[in-house]
file work35.txt (compact mmCIF, C-alpha atoms)
# COMPACT_ATOMS: atom_id res chain seq x y z
CA MET A 1 0.00 0.00 0.00
CA GLY A 2 2.81 2.30 1.02
CA LEU A 3 4.73 1.44 -2.16
CA LEU A 4 1.70 2.22 -4.32
CA THR A 5 1.08 5.50 -2.54
CA GLY A 6 4.73 6.46 -2.94
CA LEU A 7 4.67 5.59 -6.64
CA LYS A 8 1.47 7.59 -7.15
CA ASP A 9 3.03 10.60 -5.39
CA SER A 10 6.17 10.37 -7.52
CA ILE A 11 4.18 10.21 -10.77
CA SER A 12 2.03 13.11 -9.60
CA ARG A 13 5.11 15.23 -8.80
CA VAL A 14 6.71 14.51 -12.19
CA THR A 15 3.51 15.29 -14.16
CA ASP A 16 2.94 18.45 -12.09
CA ARG A 17 6.45 19.61 -12.91
CA LEU A 18 6.12 18.79 -16.58
CA PHE A 19 2.88 20.67 -16.99
CA THR A 20 3.94 23.54 -14.75
CA ASP A 21 7.13 24.06 -16.74
CA GLU A 22 5.17 24.18 -19.99
CA GLN A 23 2.94 26.98 -18.78
CA PRO A 24 4.46 30.44 -19.33
CA LYS A 25 4.50 32.44 -16.11
CA ARG A 26 2.10 35.35 -16.01
CA ILE A 27 4.04 38.46 -15.09
CA GLY A 28 1.91 41.40 -14.03
CA ILE A 29 3.19 44.90 -14.80
CA TYR A 30 2.00 47.03 -11.89
CA GLY A 31 2.57 50.55 -10.64
CA PRO A 32 0.89 53.92 -10.20
CA PRO A 33 -0.80 55.70 -13.13
CA ASN A 34 1.57 57.25 -15.69
CA ALA A 35 4.67 55.33 -14.62
CA GLY A 36 5.10 53.98 -18.15
CA LYS A 37 3.68 50.48 -17.71
CA THR A 38 2.12 50.24 -21.17
CA THR A 39 5.21 51.77 -22.79
CA LEU A 40 7.27 49.04 -21.10
CA ALA A 41 4.79 46.29 -22.05
CA ASN A 42 4.87 47.52 -25.65
CA ARG A 43 8.67 47.71 -25.66
CA ILE A 44 9.00 44.10 -24.42
CA ALA A 45 6.28 42.81 -26.75
CA ARG A 46 7.68 44.62 -29.80
CA ASP A 47 11.25 43.49 -29.07
CA TRP A 48 10.29 39.81 -28.88
CA THR A 49 7.04 39.37 -30.85
CA GLY A 50 6.81 42.40 -33.12
CA ASP A 51 3.36 43.36 -31.77
CA ALA A 52 2.26 46.03 -29.30
CA VAL A 53 0.07 45.46 -26.23
CA GLY A 54 -1.87 48.70 -25.91
CA THR A 55 -2.15 52.43 -26.49
CA GLU A 56 0.23 54.78 -24.66
CA SER A 57 -0.86 58.21 -23.44
CA HIS A 58 0.21 61.04 -21.15
CA VAL A 59 -3.38 61.19 -19.81
CA PRO A 60 -3.67 59.05 -16.66
CA HIS A 61 -5.77 55.86 -16.85
CA GLU A 62 -5.30 55.30 -20.57
CA THR A 63 -5.10 51.59 -19.69
CA ARG A 64 -8.44 50.69 -18.16
CA ARG A 65 -8.44 46.93 -18.69
CA ALA A 66 -5.75 44.40 -17.88
CA ARG A 67 -4.31 43.16 -21.17
CA ARG A 68 -2.34 39.99 -21.65
CA LYS A 69 0.26 39.33 -24.28
CA GLU A 70 0.80 35.60 -24.38
CA ASP A 71 3.95 33.57 -25.02
CA VAL A 72 6.55 36.30 -25.12
CA GLU A 73 9.75 34.34 -25.56
CA ILE A 74 12.85 36.13 -24.30
CA GLU A 75 16.22 34.68 -25.23
CA ARG A 76 19.18 35.16 -22.92
CA ASP A 77 22.52 33.39 -22.93
CA GLY A 78 21.42 30.64 -25.28
CA ARG A 79 18.24 29.74 -23.41
CA SER A 80 14.75 31.07 -23.77
CA VAL A 81 12.21 32.12 -21.16
CA SER A 82 8.54 32.19 -22.05
CA ILE A 83 6.24 34.58 -20.17
CA ASP A 84 2.81 36.11 -20.52
CA ILE A 85 2.89 39.87 -19.97
CA VAL A 86 -0.12 41.31 -18.18
CA ASP A 87 -0.30 45.09 -18.56
CA THR A 88 -2.53 46.42 -15.77
CA PRO A 89 -4.24 49.77 -15.12
CA GLY A 90 -2.39 52.09 -12.75
CA VAL A 91 -3.41 51.47 -9.16
CA THR A 92 -4.81 54.29 -7.03
CA THR A 93 -7.25 54.77 -4.17
CA LYS A 94 -9.11 57.64 -5.83
CA VAL A 95 -10.32 58.61 -9.29
CA ASP A 96 -11.78 62.06 -9.90
CA TYR A 97 -13.35 62.57 -13.32
CA GLU A 98 -12.47 66.29 -13.13
CA GLU A 99 -8.82 65.30 -13.66
CA PHE A 100 -9.76 64.50 -17.27
CA THR A 101 -11.99 67.44 -18.13
CA ASP A 102 -9.06 69.47 -19.50
CA GLU A 103 -8.53 66.78 -22.10
CA MET A 104 -12.14 65.82 -22.98
CA GLU A 105 -15.84 66.60 -22.60
CA GLU A 106 -17.44 66.00 -19.20
CA ASP A 107 -19.46 62.97 -20.32
CA ASP A 108 -16.32 61.33 -21.72
CA ALA A 109 -14.42 62.20 -18.54
CA ILE A 110 -17.12 60.57 -16.39
CA ARG A 111 -17.09 57.48 -18.61
CA ARG A 112 -13.29 57.35 -18.44
CA SER A 113 -13.32 57.59 -14.65
CA ARG A 114 -15.90 54.77 -14.39
CA GLU A 115 -13.82 52.55 -16.65
CA ALA A 116 -10.70 53.47 -14.70
CA THR A 117 -12.23 52.38 -11.39
CA GLU A 118 -13.29 49.06 -12.91
CA GLY A 119 -9.78 48.64 -14.29
CA VAL A 120 -8.11 49.25 -10.91
CA ALA A 121 -10.44 46.72 -9.26
CA GLU A 122 -9.59 44.24 -12.00
CA ALA A 123 -5.86 44.85 -11.50
CA MET A 124 -6.19 44.09 -7.78
CA HIS A 125 -8.09 40.93 -8.57
CA TRP A 126 -5.36 39.79 -10.97
CA LEU A 127 -2.78 40.44 -8.29
CA ARG A 128 -4.61 38.29 -5.74
CA GLU A 129 -5.53 35.46 -8.09
CA ASP A 130 -3.76 35.28 -11.41
CA VAL A 131 -0.15 36.48 -11.59
CA ASP A 132 3.01 34.48 -10.88
CA GLY A 133 5.39 37.42 -10.63
CA VAL A 134 5.39 41.21 -10.68
CA ILE A 135 7.31 43.94 -12.45
CA TYR A 136 6.64 47.08 -10.42
CA VAL A 137 7.18 50.16 -12.56
CA LEU A 138 7.97 53.54 -11.03
CA ASP A 139 8.63 56.92 -12.59
CA SER A 140 12.20 57.79 -11.52
CA ALA A 141 11.36 61.47 -11.61
CA GLU A 142 8.63 61.09 -8.95
CA ASP A 143 8.83 60.47 -5.19
CA PRO A 144 8.45 56.68 -4.79
CA ILE A 145 7.36 56.83 -1.17
CA THR A 146 3.61 57.06 -1.61
CA GLN A 147 0.93 55.19 0.24
CA VAL A 148 -0.17 53.30 -2.87
CA ASN A 149 3.37 52.14 -3.65
CA THR A 150 4.00 51.10 -0.06
CA MET A 151 0.68 49.25 0.13
CA LEU A 152 1.11 47.49 -3.20
CA ILE A 153 4.65 46.35 -2.47
CA GLY A 154 3.34 45.06 0.88
CA ILE A 155 0.51 43.20 -0.85
CA ILE A 156 2.93 41.65 -3.37
CA GLU A 157 5.33 40.62 -0.58
CA SER A 158 2.50 39.09 1.43
CA ARG A 159 1.69 36.83 -1.53
CA ASP A 160 5.35 35.73 -1.84
CA LEU A 161 5.46 36.74 -5.50
CA PRO A 162 8.85 37.38 -7.08
CA VAL A 163 9.11 41.11 -7.79
CA LEU A 164 11.45 43.35 -9.75
CA ILE A 165 11.27 47.12 -9.43
CA PHE A 166 11.82 48.99 -12.68
CA ALA A 167 12.96 52.59 -12.28
CA ASN A 168 11.56 53.94 -15.53
CA LYS A 169 12.08 57.28 -17.30
CA ILE A 170 15.80 57.56 -16.56
CA ASP A 171 16.01 59.74 -19.68
CA LEU A 172 14.42 62.60 -17.70
CA ASP A 173 16.76 65.17 -16.12
CA GLU A 174 15.08 64.93 -12.72
CA ALA A 175 15.27 61.10 -12.58
CA SER A 176 16.76 59.55 -9.44
CA VAL A 177 17.22 55.79 -9.38
CA LYS A 178 18.85 55.98 -5.95
CA ARG A 179 15.66 57.43 -4.46
CA ILE A 180 13.83 54.28 -5.55
CA GLU A 181 16.62 51.95 -4.40
CA ASP A 182 16.56 53.64 -1.00
CA ALA A 183 12.76 53.41 -0.76
CA PHE A 184 12.62 49.67 -1.43
CA PRO A 185 16.06 48.27 -0.55
CA GLN A 186 14.65 44.77 -0.09
CA HIS A 187 14.08 44.43 -3.85
CA LYS A 188 16.26 44.58 -6.95
CA THR A 189 15.85 47.87 -8.80
CA VAL A 190 16.60 48.02 -12.53
CA PRO A 191 16.98 51.44 -14.18
CA LEU A 192 15.59 51.91 -17.69
CA SER A 193 13.84 54.13 -20.14
CA ALA A 194 11.11 52.08 -21.83
CA LYS A 195 10.38 55.00 -24.14
CA GLU A 196 13.99 55.41 -25.33
CA GLY A 197 14.93 51.74 -25.02
CA GLN A 198 17.78 52.47 -22.59
CA ASN A 199 19.29 49.61 -20.56
CA MET A 200 16.97 46.98 -22.01
CA ASP A 201 19.68 44.30 -21.97
CA GLU A 202 19.82 44.49 -18.17
CA VAL A 203 16.00 44.49 -18.10
CA TYR A 204 15.85 41.22 -20.07
CA ASP A 205 18.69 39.64 -18.09
CA ASN A 206 16.76 40.28 -14.90
CA ILE A 207 13.41 39.12 -16.28
CA ALA A 208 15.06 35.84 -17.35
CA GLU A 209 16.78 35.46 -13.98
CA TYR A 210 13.75 36.28 -11.81
CA PHE A 211 10.92 34.77 -13.81
CA GLY A 212 12.60 32.09 -15.93
CA MET B 1 -21.09 63.65 0.13
CA PRO B 2 -23.19 63.86 3.33
CA LYS B 3 -21.65 65.87 6.11
CA ALA B 4 -21.25 64.49 9.58
CA THR B 5 -23.40 66.43 12.01
CA ASN B 6 -23.05 66.52 15.75
CA PRO B 7 -26.49 65.46 17.06
CA ASP B 8 -25.73 66.97 20.49
CA ASP B 9 -25.07 70.39 19.08
CA PRO B 10 -28.25 72.46 19.57
CA ASN B 11 -27.21 74.69 16.69
CA GLY B 12 -26.85 71.65 14.39
CA ASN B 13 -23.37 72.78 13.35
CA ASP B 14 -21.66 70.64 10.79
CA GLY B 15 -18.36 69.15 11.76
CA VAL B 16 -15.98 66.38 10.89
CA GLN B 17 -16.47 63.18 12.81
CA ILE B 18 -13.38 61.18 13.71
CA ASP B 19 -13.74 57.49 14.54
CA LEU B 20 -10.81 55.96 16.41
CA ILE B 21 -11.25 52.20 16.23
CA SER B 22 -9.30 49.93 18.54
CA GLY B 23 -7.48 46.83 17.41
CA GLU B 24 -9.59 44.89 19.88
CA ARG B 25 -12.78 45.93 18.12
CA MET B 26 -11.38 45.16 14.69
CA ASP B 27 -10.29 41.70 15.84
CA THR B 28 -13.92 40.72 16.32
CA LEU B 29 -14.79 41.50 12.69
CA ALA B 30 -14.36 39.49 9.50
CA SER B 31 -12.34 41.16 6.72
CA THR B 32 -15.43 42.14 4.74
CA GLU B 33 -17.05 43.61 7.85
CA LYS B 34 -13.93 45.68 8.57
CA ILE B 35 -13.88 47.09 5.05
CA ARG B 36 -17.63 47.72 5.09
CA MET B 37 -17.32 49.60 8.38
CA ILE B 38 -14.47 51.74 7.02
CA LEU B 39 -16.24 52.58 3.77
CA ASP B 40 -19.55 53.30 5.51
CA GLY B 41 -17.72 55.75 7.74
CA VAL B 42 -15.91 57.37 4.83
CA HIS B 43 -19.14 57.64 2.83
CA ASP B 44 -20.59 59.57 5.78
CA GLY B 45 -17.68 61.99 5.55
CA ASN B 46 -15.92 60.64 8.63
CA ILE B 47 -12.21 60.24 9.23
CA VAL B 48 -11.52 56.67 10.32
CA ILE B 49 -8.41 55.94 12.38
CA LEU B 50 -7.49 52.30 12.92
CA GLU B 51 -5.25 51.50 15.85
CA GLU B 52 -3.85 48.40 14.15
CA GLY B 53 -4.57 48.82 10.46
CA LEU B 54 -5.40 46.13 7.95
CA THR B 55 -3.59 43.11 6.58
CA PRO B 56 -2.14 43.39 3.03
CA ASP B 57 -4.97 41.19 1.75
CA GLU B 58 -7.55 43.45 3.41
CA GLU B 59 -5.82 46.51 1.95
CA SER B 60 -6.09 44.95 -1.49
CA LYS B 61 -9.81 44.31 -0.98
CA LEU B 62 -10.29 47.83 0.39
CA ILE B 63 -8.86 49.27 -2.84
CA GLU B 64 -11.07 46.97 -4.90
CA MET B 65 -14.26 47.80 -2.96
CA THR B 66 -13.44 51.51 -2.98
CA MET B 67 -13.15 51.43 -6.75
CA ALA B 68 -16.51 49.67 -7.02
CA GLU B 69 -18.16 52.42 -4.97
CA ILE B 70 -16.67 55.50 -6.63
CA SER B 71 -19.51 57.44 -8.18
CA PRO B 72 -19.14 60.82 -9.88
CA ASP B 73 -22.92 61.29 -9.50
CA ALA B 74 -22.82 60.79 -5.74
CA GLY B 75 -19.69 62.91 -5.34
CA PHE B 76 -17.61 60.03 -3.97
CA ASN B 77 -14.24 59.83 -5.69
CA GLY B 78 -12.38 57.47 -3.41
CA ILE B 79 -10.32 57.44 -0.26
CA GLU B 80 -7.13 58.93 1.06
CA ILE B 81 -5.21 56.49 3.23
CA GLU B 82 -2.01 56.86 5.21
CA THR B 83 -0.23 54.38 7.43
CA TYR B 84 2.97 54.41 9.38
CA PRO B 85 5.57 52.04 8.00
CA LYS B 86 5.79 48.71 9.76
CA SER B 87 8.02 49.01 12.78
CA GLU B 88 10.40 46.60 14.38
CA THR B 89 8.63 44.57 16.98
CA LYS B 90 9.82 44.44 20.57
CA ASP B 91 8.97 40.75 20.56
CA SER B 92 11.84 38.97 22.26
CA SER B 93 9.87 35.90 23.22
CA LEU B 94 11.31 32.50 22.43
CA LEU B 95 8.50 31.84 19.95
CA GLY B 96 9.02 35.19 18.27
CA ARG B 97 12.74 34.54 17.89
CA LEU B 98 12.15 31.00 16.67
CA MET B 99 9.65 32.18 14.09
CA GLY B 100 12.06 34.86 12.93
CA SER B 101 9.40 37.47 13.46
CA ASN B 102 10.90 40.93 13.16
CA GLU B 103 7.94 42.91 11.92
CA SER B 104 4.69 43.92 13.49
CA ALA B 105 1.49 43.91 11.46
CA ALA B 106 0.11 46.68 13.66
CA LYS B 107 0.27 50.06 11.95
CA LEU B 108 -1.78 53.11 12.70
CA THR B 109 -3.92 53.87 9.66
CA VAL B 110 -5.83 57.03 8.78
CA ILE B 111 -8.55 56.79 6.13
CA GLY B 112 -10.86 59.54 4.88
CA PRO B 113 -12.82 60.69 1.84
CA ALA B 114 -10.38 61.74 -0.92
CA ASN B 115 -12.20 65.03 -1.43
CA GLN B 116 -12.01 65.96 2.26
CA ILE B 117 -8.61 64.86 3.46
CA GLU B 118 -5.24 65.88 2.16
CA THR B 119 -1.94 64.64 3.50
CA LEU B 120 0.33 67.57 4.20
CA HIS B 121 3.30 65.75 5.60
CA LYS B 122 4.26 62.23 6.49
CA ASP B 123 7.35 60.76 8.03
CA GLU B 124 8.16 57.86 10.31
CA THR B 125 6.72 59.53 13.38
CA LEU B 126 4.13 61.99 12.11
CA ILE B 127 1.16 62.13 9.77
CA SER B 128 -0.10 65.67 9.23
CA ALA B 129 -3.39 65.99 7.35
CA LEU B 130 -5.71 68.78 6.38
CA VAL B 131 -9.38 67.87 6.76
CA SER B 132 -12.05 70.00 5.15
CA ARG B 133 -15.78 69.85 5.72
CA ASN B 134 -16.90 69.18 2.18
call {"tool": "encode", "arguments": {"input": "work35.txt", "output": "structure tokens"}}
result
Amino acid sequence: MGLLTGLKDSISRVTDRLFTDEQPKRIGIYGPPNAGKTTLANRIARDWTGDAVGTESHVPHETRRARRKEDVEIERDGRSVSIDIVDTPGVTTKVDYEEFTDEMEEDDAIRRSREATEGVAEAMHWLREDVDGVIYVLDSAEDPITQVNTMLIGIIESRDLPVLIFANKIDLDEASVKRIEDAFPQHKTVPLSAKEGQNMDEVYDNIAEYFG
Amino acid sequence: MPKATNPDDPNGNDGVQIDLISGERMDTLASTEKIRMILDGVHDGNIVILEEGLTPDEESKLIEMTMAEISPDAGFNGIEIETYPKSETKDSSLLGRLMGSNESAAKLTVIGPANQIETLHKDETLISALVSRN
């Protein structure tokens, strides 16, 4: 009986591993609004698949639905790592439609704010249920110590998800990568400019190392 | 956004109600009840102060439920929330050392309606906020 149980367990472990290894890991791209998450998702997707993930904009909450780009195969040092990229709406605790009225009519602003709130809720749900790792994108020109960033990093840590912090927008004069490293010293910070394509080799090395 | 009114004030003056909720009281509630209590208070225009804060999972659900309740028509555009960073625990018990526990989950948390509370300053020992009546 014991032999049969042991054999069954061994077979189960092997099949679990086989099927688990075949599934690309879902890597959620998280961060506050306007940190450059979609620009990064597009950069990664274009570099390795030729397609984009979504529309980029300077207006906050352009991404209002989580979007997945499947089977992005990244090659590093002779081996390839397959991941699904999940571009998520910027997380916040408040959405005021009046923030958008400079850019659009009031009705459109109200619709945008409603879609934005649904998108943030969806992003949180993905984080709790559906991602295997997180790329947390921050704007290097902004103060990283905000309540939303602190809360989200805490939520990610509590779920034991592997996380990389990407200090984006290093092409800006006011960028400070050190400010981000000092804010979250417990995590690896990778500087980059997704828009200009700066330091992408280090970005892909780290993605392969952390999520491969 | 309804304003909190002091029922004992004969002049019916509007004010800002502050609810300080003990960790002991929160311990008796399920996660959903905690979040419901916070959001009900915030919807009423109150400032809610939690002695021991929420778990990361509860914070995640608070964000999600807040988003579901934002309504431009009702004038509710979300919450402002501030917590102190987790502090080193003084736990020197054998169990605490064995478990490698070096962080406390307890963290004072201030939550209010986004259109009524504005954080002016925050550091490791002080949260300074401006609260308006509408």
call {"tool": "interface_residues", "arguments": {"input": "work35.txt", "of": "chain A", "to": "chain B", "cutoff": "7 Å", "atoms": "all atoms listed in the file", "output": "list of chain:residue names"}}
result
A:Thr93, A:Lys94, A:Val95, A:Asp96, A:Tyr97, A:Ile110, A:Thr117, A:Glu118, A:Val120, A:Ala121, A:Met124, A:Gln147, A:Gly154, A:Ile155, A:Ser158
call {"tool": "closest_residue", "arguments": {"input": "work35.txt", "among": "A:Met151, A:Leu40, A:Ile156, A:Ile145", "to": "Arg128 in chain A", "atoms": "only C-alpha atoms"}}
result
A:Ile156
call {"tool": "atom_distance", "arguments": {"input": "work35.txt", "atom1": "CA of Ala208 in chain A", "atom2": "CA of Val81 in chain A"}}
result
6.0 Å
call {"tool": "closest_residue", "arguments": {"input": "work35.txt", "among": "A:Glu73, A:Asp107, A:Glu122, A:Glu157", "to": "Gln186 in chain A", "atoms": "all atoms listed in the file"}}
result
A:Glu157
call {"tool": "atom_distance", "arguments": {"input": "work35.txt", "atom1": "CA of Thr109 in chain B", "atom2": "CA of Pro162 in chain A"}}
result
26.7 Å
call {"tool": "closest_residue", "arguments": {"input": "work35.txt", "among": "A:Asn34, A:Thr55, A:Gln198, A:Ser140", "to": "Lys178 in chain A", "atoms": "all atoms listed in the file"}}
result
A:Ser140
call {"tool": "atom_distance", "arguments": {"input": "work35.txt", "atom1": "CA of Ser193 in chain A", "atom2": "CA of Asp139 in chain A"}}
result
9.6 Å
call {"tool": "residues_around", "arguments": {"input": "work35.txt", "residues": "Thr189 in chain A", "least_positions_apart": "4", "cutoff": "9 Å", "atoms": "all atoms listed in the file", "output": "number ranges by chain"}}
result
A: 164-167, 177, 180-181, 184-185
call {"tool": "residues_around", "arguments": {"input": "work35.txt", "residues": "Ala66 in chain A", "least_positions_apart": "6", "cutoff": "8 Å", "atoms": "all atoms listed in the file", "output": "MDAnalysis selection string"}}
result
chainID A and resid 86:89 119 122:123
call {"tool": "residues_near_point", "arguments": {"input": "work35.txt", "point": "(3.8, 50.7, -29.8)", "cutoff": "12 Å", "atoms": "all atoms listed in the file", "output": "ChimeraX atom specification"}}
result
/A:38-47,49-57,194-195
call {"tool": "residues_around", "arguments": {"input": "work35.txt", "residues": "Ile49 in chain B", "least_positions_apart": "3", "cutoff": "6 Å", "atoms": "all atoms listed in the file", "output": "PyMOL selection string"}}
result
chain B and resi 19-20+109-110
